[in-house]
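A short worksheet on the structure shown next.
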Amino acid sequence: MSRYRNLGLFLMLATLWGAAFVAISAGLSYIPPILFAALRYDIAGIVMLGYAAVAVDRWRPRTGAEWRQVAVGAVLLIAAYHAFLFVGQQHTTAAAAAILVSLSPVLSTGFARALVPADALSPVGIVGVVVGLAGVAVIVRPDPSNLLATGIVAKGLVFCAAAAFALGSVLTRRFDTSLPIETMEAWSMLGGALVLHLVSVAIGEPLEPTAWTHPEAIGALAYLSLGASAIGFLVYFDLLERLGAVEINMVSYVAPIVTAVVGWLYLGEVVDTATLIGFGLIAVSFCLVKRRAIRREFGHVRSRGSSE
């Protein structure tokens, strides 16, 4: 029963996060990108903070190291990641964005090894990173004669989003604190929302509240803030404790499939052959970079299965 429960939650998380890219594309028709991201985390941050106040023993950071950890999460995991993603997704498909973001676990390993020279990548790991970047190149398909084409720049921004998230994931783990992950996420969401609001004002995004009241805009914002963020992170926390980081990272490679199907049904987006090939290369790169951890996890899964 435990295996079925974990599988059900895993598929639920993949669906919540995969469909989120489609909700972003839908909402961008009505709300400017940076403001849209800020509004998402205004709501999600408040909900997550309420959950942290009930679920964990410390609902706010106390030490300087904990506040610095939150600041890194706010700037990189929330503000930078979503600013690049939402701006980039204005001119690329939801499926392509989801696939590019799925490179984050590979980039996280690369950043971790770069910041900790003692943990240098093995030759196979280096090949894995190169294969992943090749997958990005296949999806982006840069034209040397027109590198500033709208589609190329948009996909490049989504790649920057994946890199920001990967770097933030590594840096937040480097802080030796006992801050509960729920508390860190809640305050990072609120801090990131504040940064996004400041950026939105600084670049002069238009404020047209009448457009935000369109049913599709309300639905997209509600889904992103409550479904993908609040409920999605609660499921993530539960699975992280039960499965571990390696298995939960696999959701990055199931979510794009959901995105492609929902994007086709709701937005009429079609995934081309190059995008599928790029996705395959990125998935292979994850297996190469994480091969030892995957081998260990499968061993644990088999031992758990035999004991049950």
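Ligands are numbered from 1 in the order shown, residues from 1 within each chain, and chains are lettered A, B, ... in the order they appear in the structure tokens.
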Can you tell me, as a PDB file with N, CA and C atoms, in the first residue's frame, what residues are no more than 8 Å from Val138 (chain A) when counting only C-alpha atoms, ignoring any on the same chain fewer than 2 positions away?
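Below is the file that was written, around-v5.pdb:
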ATOM      1  N   ALA A 134      23.819  19.611 -24.929  1.00  0.00           N
ATOM      2  CA  ALA A 134      23.497  19.310 -26.332  1.00  0.00           C
ATOM      3  C   ALA A 134      21.985  19.237 -26.527  1.00  0.00           C
ATOM      4  N   GLY A 135      21.297  18.667 -25.525  1.00  0.00           N
ATOM      5  CA  GLY A 135      19.836  18.629 -25.590  1.00  0.00           C
ATOM      6  C   GLY A 135      19.241  20.022 -25.627  1.00  0.00           C
ATOM      7  N   VAL A 136      19.805  20.933 -24.833  1.00  0.00           N
ATOM      8  CA  VAL A 136      19.349  22.328 -24.862  1.00  0.00           C
ATOM      9  C   VAL A 136      19.568  22.932 -26.244  1.00  0.00           C
ATOM     10  N   VAL A 140      16.785  24.626 -28.587  1.00  0.00           N
ATOM     11  CA  VAL A 140      16.876  26.047 -28.925  1.00  0.00           C
ATOM     12  C   VAL A 140      17.145  26.251 -30.407  1.00  0.00           C
ATOM     13  N   ARG A 141      17.982  25.378 -31.001  1.00  0.00           N
ATOM     14  CA  ARG A 141      18.361  25.466 -32.413  1.00  0.00           C
ATOM     15  C   ARG A 141      18.826  26.872 -32.798  1.00  0.00           C
ATOM     16  N   ALA A 274      12.396  17.967 -32.860  1.00  0.00           N
ATOM     17  CA  ALA A 274      13.626  18.459 -32.232  1.00  0.00           C
ATOM     18  C   ALA A 274      13.458  18.576 -30.719  1.00  0.00           C
ATOM     19  N   THR A 275      12.299  19.019 -30.281  1.00  0.00           N
ATOM     20  CA  THR A 275      12.050  19.142 -28.844  1.00  0.00           C
ATOM     21  C   THR A 275      12.050  17.774 -28.176  1.00  0.00           C
ATOM     22  N   ILE A 277      13.692  15.111 -29.229  1.00  0.00           N
ATOM     23  CA  ILE A 277      15.079  14.639 -29.204  1.00  0.00           C
ATOM     24  C   ILE A 277      15.847  15.321 -28.077  1.00  0.00           C
ATOM     25  N   GLY A 278      15.638  16.633 -27.935  1.00  0.00           N
ATOM     26  CA  GLY A 278      16.295  17.363 -26.859  1.00  0.00           C
ATOM     27  C   GLY A 278      15.904  16.835 -25.495  1.00  0.00           C
TER      28      GLY A 278
END
Straight-line distance linking CA of Thr177 (chain A) with CA of Gly64 (chain A), stated in Å to one decimal: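 Atom-to-atom, CA of Thr177 (chain A) to CA of Gly64 (chain A), that is 9.9 Å.
One finds CA of Leu35 (chain A) at 10.9 Å from CA of Glu208 (chain A).
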All helix (DSSP H, G or I) residues (DSSP, backbone) inside region 40-102 of chain A, as a ChimeraX atom specification: /A:40-55,64-91,94-101
List the neighbours of region 10-27 of chain A out to 6 Å using only C-alpha atoms; skip same-chain residues closer than 6 positions along the sequence, and give me the result as an mmCIF file with all heavy atoms, in the first residue's frame.
data_model
loop_
_atom_site.group_PDB
_atom_site.id
_atom_site.type_symbol
_atom_site.label_atom_id
_atom_site.label_comp_id
_atom_site.auth_asym_id
_atom_site.auth_seq_id
_atom_site.Cartn_x
_atom_site.Cartn_y
_atom_site.Cartn_z
ATOM 1 N N ALA A 94 4.879 25.789 -23.815
ATOM 2 C CA ALA A 94 4.935 25.307 -22.441
ATOM 3 C C ALA A 94 5.781 24.042 -22.339
ATOM 4 O O ALA A 94 6.561 23.873 -21.387
ATOM 5 C CB ALA A 94 3.521 25.040 -21.924
ATOM 6 N N ALA A 217 -7.542 34.260 -16.502
ATOM 7 C CA ALA A 217 -6.453 34.821 -15.701
ATOM 8 C C ALA A 217 -6.600 34.424 -14.241
ATOM 9 O O ALA A 217 -5.624 34.029 -13.581
ATOM 10 C CB ALA A 217 -6.442 36.347 -15.827
ATOM 11 N N ALA A 220 -5.770 30.700 -13.911
ATOM 12 C CA ALA A 220 -4.337 30.434 -14.018
ATOM 13 C C ALA A 220 -3.618 30.826 -12.733
ATOM 14 O O ALA A 220 -2.772 30.072 -12.217
ATOM 15 C CB ALA A 220 -3.747 31.196 -15.202
ATOM 16 N N ALA A 228 -0.256 24.325 -7.958
ATOM 17 C CA ALA A 228 1.133 23.978 -8.236
ATOM 18 C C ALA A 228 2.076 24.341 -7.096
ATOM 19 O O ALA A 228 3.024 23.606 -6.812
ATOM 20 C CB ALA A 228 1.588 24.662 -9.524
ATOM 21 N N GLY A 232 1.301 21.521 -4.361
ATOM 22 C CA GLY A 232 2.444 20.851 -4.967
ATOM 23 C C GLY A 232 3.618 20.720 -4.013
ATOM 24 O O GLY A 232 4.227 19.652 -3.898
ATOM 25 N N VAL A 251 10.652 13.497 -11.047
ATOM 26 C CA VAL A 251 9.420 14.188 -11.421
ATOM 27 C C VAL A 251 9.697 15.197 -12.531
ATOM 28 O O VAL A 251 8.811 15.511 -13.329
ATOM 29 C CB VAL A 251 8.778 14.875 -10.189
ATOM 30 C CG1 VAL A 251 9.493 16.169 -9.825
ATOM 31 C CG2 VAL A 251 7.305 15.159 -10.431
ATOM 32 N N VAL A 254 8.919 13.477 -15.784
ATOM 33 C CA VAL A 254 7.536 13.070 -16.037
ATOM 34 C C VAL A 254 6.677 14.310 -16.289
ATOM 35 O O VAL A 254 5.782 14.299 -17.138
ATOM 36 C CB VAL A 254 6.976 12.258 -14.848
ATOM 37 C CG1 VAL A 254 5.526 11.850 -15.104
ATOM 38 C CG2 VAL A 254 7.836 11.021 -14.602
ATOM 39 N N ALA A 255 6.982 15.403 -15.583
ATOM 40 C CA ALA A 255 6.204 16.630 -15.723
ATOM 41 C C ALA A 255 6.139 17.142 -17.164
ATOM 42 O O ALA A 255 5.060 17.562 -17.613
ATOM 43 C CB ALA A 255 6.758 17.705 -14.784
ATOM 44 N N PRO A 256 7.244 17.142 -17.940
ATOM 45 C CA PRO A 256 7.137 17.630 -19.319
ATOM 46 C C PRO A 256 6.177 16.830 -20.184
ATOM 47 O O PRO A 256 5.590 17.375 -21.124
ATOM 48 C CB PRO A 256 8.583 17.502 -19.854
ATOM 49 C CG PRO A 256 9.431 17.594 -18.641
ATOM 50 C CD PRO A 256 8.656 16.879 -17.570
ATOM 51 N N VAL A 258 3.360 15.554 -19.089
ATOM 52 C CA VAL A 258 2.063 16.133 -18.722
ATOM 53 C C VAL A 258 1.885 17.484 -19.418
ATOM 54 O O VAL A 258 0.822 17.788 -19.959
ATOM 55 C CB VAL A 258 1.958 16.298 -17.193
ATOM 56 C CG1 VAL A 258 0.657 17.011 -16.815
ATOM 57 C CG2 VAL A 258 2.053 14.948 -16.498
ATOM 58 N N THR A 259 2.946 18.289 -19.395
ATOM 59 C CA THR A 259 2.883 19.610 -20.034
ATOM 60 C C THR A 259 2.543 19.482 -21.515
ATOM 61 O O THR A 259 1.706 20.233 -22.037
ATOM 62 C CB THR A 259 4.228 20.340 -19.881
ATOM 63 O OG1 THR A 259 4.587 20.402 -18.505
ATOM 64 C CG2 THR A 259 4.135 21.749 -20.432
ATOM 65 N N GLY A 263 -0.803 20.957 -22.808
ATOM 66 C CA GLY A 263 -0.599 22.062 -23.739
ATOM 67 C C GLY A 263 -1.250 21.815 -25.083
ATOM 68 O O GLY A 263 -1.791 22.731 -25.710
#
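When only C-alpha atoms are used to measure the gap to Asp57 (chain A), the shortest distance among A:Leu179, A:Ala137, A:Leu239, A:Leu276 belongs to A:Leu179.
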